[in-house]
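What follows is a short report on a single structure.
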Amino acid sequence: MALKDYNDKRKFDETTEPKGKTKKSENKLIFVIQRHAASRLHYDFRLEMEGVLKSWAVPKGPSLNPDDKRLAMMVEDHPYDYKDFEGNIPEGNYGAGQVEVWDSGTYEPLDQESKLSDEKELLKELKAGSLKFILHGKKLKGEFALVKMKNAENNSWLLIKHKDKFAEDKYDAEENTAKNSQVTKFLEEKKKPKKQQKEVITSEIKPKFQRFNSLVDEKKLKTFIKPMLAKPFEKAFDDEDWVFEIKWDGYRAVADLSKKESLFYSRNGISFLSKFDKVSEDFSKQKHKMILDGEIVAFDENGKPSFQMLQQIGDNPDLALTYQVFDLLWLNGHSTEELPLIQRKELLKEALIETDIIKYCDHIPEKGIDFFNQMKKMELEGMIAKKADSLYIENSRNSDWLKIKFTNTEEVIICGFTEPRGSREGFGALILGKYIDEKLTYSGHTGTGFNNESLNSLHEKLKKIVTKTSPFETIPKTNMPVTWVKPELVCEIKYSEITKDGIFRHPVFVAIREDKNPEEIADSTKKGSQINEKSKKMKAKTPSKKTEISDKDSEITLNKHKVKLTNQDKVYFPKDKVTKGDVIEYYQSVADYILPHLKNRPLSLNRYPNGINEQSFYQKDASDNIPDWIKTTQVYSESNDKYIDYIYCNDKATLAYLNNLGCIDLNPWNSSLPDLDHPDFMVLDLDPSKKNSFDHVIETALKVNEVLNSVKIKGYCKTSGSTGIHVYIPMGGKYDFEQVKDFAHILMKQVNEKLPKITTLERSLQKRDDKKIYLDYLQNRTGQTLASVYSLRPKEGASVSMPLEWEELKSGLKPTDFNIHNALERIKEKGDLFKPVLGKGIDMMKVLELLE
DNA sequence: GCTAGGT
DNA sequence: ACCTAGCAACGCCCG
DNA sequence: CGGGCG
């Protein structure tokens with residue numbers, strides 16, 4: 001069909017009102033969070049409603065989480081209209097959502113753990129009618145997470161859906177939009193009255209609104225098309241009813257150019273718009289409104305498609321890539337999914353404007369075998385065969401599309417097996433090796449390809465040749481605990497390619513080769529060994545990305561919480577031979593001293609997952625997958641225009657957890673909950689430049705103390721653990737950051753006047769004299785952090801930030817005098833010298849008068 | 001990527 | 001024939 | 001480092 005004919009045939013029927021009628025809400029609703037069991041998708045939603053809880057009930061149906069009784073609730077006085085979709089309620093599992101209940105008077109969130117797990121307690125509250133509530137399905141696993149709301153009076157339902165999988169009607173953009181917008185409208189309606197309230201209500205109830213924002217995730221679409229998939233097929237064939245395309249090895253991607261804002265996303269509805277902005281830019285060159293299906297493909301320097309290059313897009317934004325478009329789902333107002341494939345592609349060819357990046361992916365009719373051989377010559381992954389008259393069926397993997405791949409097979413030696421997980425019996429995966437230059441070399445795991453029978457019989461065989469030690473020189477990292485085996489058994493595997501590290505990608509077990517001895521396959525293909533040569537070089541360039549580990553993983557219980565500790569033997573301080581385990585042990589030993597200084601203070605995490613000499617990063621926003629017992633607080637960040645969940649550390653368990661994440665020093669705010677706007681202390685950071693000696697720093701610190709003494713302030717100093725000294729002055733939360741900062745400025749100016757030769761107030765590094773100590777008073781701002789007292793620092797020597805008596809500040813003192821080895825002893829001897837820092841603050845007015 | 005098991 | 005659930009792998013990005 | 005994603 002030609003594009004022109006198609007356009008002429010377009011109808012503009014406006015029959016796109018969503019199904020179902022609009023009803024006035026009855027008074028009672030039951031809320032149930034429903035999900036499909038464990039698919040890989042997660043879906044976060046949040047729904048806030050006005051209403052008073054009337055009663056609650058355990059939902060009917062099988063529960064994934066039998067302990068979770070928190071899901072069905074009855075509500076009164078629900079003030080909103082809602083639309084009612086009839087029928088098609090999927091049967092499924094109920095489970096794992098969260099209900100947060102609020103006190104309708106104070107708007108304080110009630111403690112879920114205690115309130116909701118205690119049925120009597122809750123019912124009491126319910127009777128009193130004093131609860132409002134908020135529902136949020138956080139981390140709901142399941143493809144179709146949705147909220148069902150049942151109207152108790154007439155048994156009708158409202159669904160808020162993730163994806164309207166169960167509806168029978170075909171895709172139609174307008175209709176779909178209408179449905180989606182219902183959800184948004186619904187949620188917006190909920191927000192509206194709140195917003196008006198916001199202005200009226202005082203700041204006391206601020207947390208309520210802070211919380212509302214946190215689950216919005218722009219990266220994941222609420223509604224999206226799942227593309228049609230291909231079935232694996234063994235052999236190439238010729239058939240006049242079929243067409244053949246290249247099988248691209250990249251990311252499958254759908255481009256929805258049907259609306260004002262174009263969408264571009266993965267099979268799972270994750271947006272590609274920013275990740276592949278080059279492609280997105282070219283969407284604006286398109287003249288037609290379309291929905292496209294294709295594959296994002298990257299090319300290496302030889303022009304060969306390269307999956308690995310595509311993955312590394314973060315490192316090289318100038319990567320040569322294309323969007324190969326091979327299907328058209330919608331065009332200028334109407335679905336094309338029910339047109340035969342060849343018609344869709346004709347339309348696509350005409351409608352799509354090709355650019356350097358966006359390409360039409362052509363096909364060859366009938367001659368599959370020739371085409372397949374051609375693909376092989378070009379070293380491509382394989383080909384896709386498509387039935388010429390087939391329709392496009394979303395999210396279906398049926399035999400209209402077939403993928404025919406080239407199989408690489410190789411014989412390898414079984415060197416061990418891993419523990420099975422879940423319902424698997426026998427073993428999880430085989431550890432594979434092969435001889436390269438006469439050295440047994442690790443080449444990957446395979447955990448698939450066996451059926452129950454082969455899995456069992458193989459397990460029996462392997463049990464007989466178990467050994468204690470690994471046959472490899474360097475022990476490979478395994479996902480699960482491993483049992484080693486004498487390298488005697490040979491098996492055949494197939495795989496898609498060998499990665500740059502010389503490891504099989506997509507390895508699949510094929511069969512045991514009893515006819516072969518390990519020695520026979522010693523000289524594997526030249527290609528294999530070449531690739532491995534290469535990988536060795538690559539490894540040399542980026543050392544220790546994959547370090548050997550001994551799996552001394554353990555789980556300890558602190559404060560009644562289970563903390564999983566991993567890689568305890570990993571070396572964090574190579575020169576000092578200090579391991580992660582040592583770091584954890586240190587902090588546990590000084591916990592009584594350090595915890596008071598961390599209590600209720602949001603933390604900036606400074607993480608060194610691979611030790612102090614490797615890449616580190618800062619993390620403020622706690623990911624949503626932290627253990628539920630870790631405490632966080634939400635703080636609005638203007639620069640990001642969003643709320644950030646800060647972790648704070650009030651107990652040993654959190655401390656160990658943070659250390660395990662690679663936090664070597666702890667960087668708390670100067671202010672603490674509940675009042676984050678008023679710092680508990682002022683910090684003066686004496687930050688030396690490269691050419692300063694520590695004696696200079698000491699001299700400056702003493703001068704600071706002089707200034708403080710002159711206005712009758714008691715200051716407290718500590719080594720920063722690095723090169724500087726920090727002076728703290730208690731403020732008692734009486735002044736805001738602005739006041740404290742300005743006050744610090746005044747003090748520092750005085751110090752600078754007294755020591756103009758070795759100190760500076762110049763903030764800019766470029767302009768700063770490299771022989772001068774920077775008097776940093778700007779740490780007294782919201783969200784600024786310094787390494788806390790008793791913090792271990794990520795510096796050679798494993799030094800500790802240690803409080804000092806002023807008398808101890810004299811030349812000869814070195815910042816490395818206090819370290820992981822001797823800190824505890826010293827702290828025990830001196831007690832917590834920094835305790836007064838958290839105490840009663842100074843009277844700034846008095847001081848200012850004295851300054852006059 | 002694969003198998004098992006249901007409809 | 002078609003679908004889901006559950007298991008297994010590797011490499012990369014992200015905070 | 002752990003989780004999520006291809």
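Each chain in the structure tokens gets a letter, A, B and so on, in the order shown; residues start at 1 in every chain, and ligands are counted from 1 in the order they appear.
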Within 7 Å of chain A: residues of chain B, using only C-alpha atoms (C1' of nucleotides), as a ChimeraX atom specification: /B:1-3
Chain C contacts to chain A at 7 Å (only C-alpha atoms (C1' of nucleotides)) as a PyMOL selection string: chain C and resi 7-10+12+15
Residues of chain D at most 9 Å from chain A: nearest atom pair and distance in Å, only C-alpha atoms (C1' of nucleotides), as a tab-separated table:
residue	atom	partner	partner_atom	distance
D:DC1	C1'	A:Leu661	CA	5.2
D:DG2	C1'	A:Leu661	CA	8.1
D:DG3	C1'	A:Asn625	CA	7.7
D:DG6	C1'	A:Tyr251	CA	6.6
Neighbour list for A:Val297 as a VMD selection string, cut-off 7 Å, only C-alpha atoms (C1' of nucleotides), skip fewer than 2 positions in-chain: chain A and resid 248 to 251 295 299 305 310 321 to 323
Test item, strand (DSSP E or B) assignment across stretch 695-756 of chain A, answer as an MDAnalysis selection string: chainID A and resid 716:719 725:730
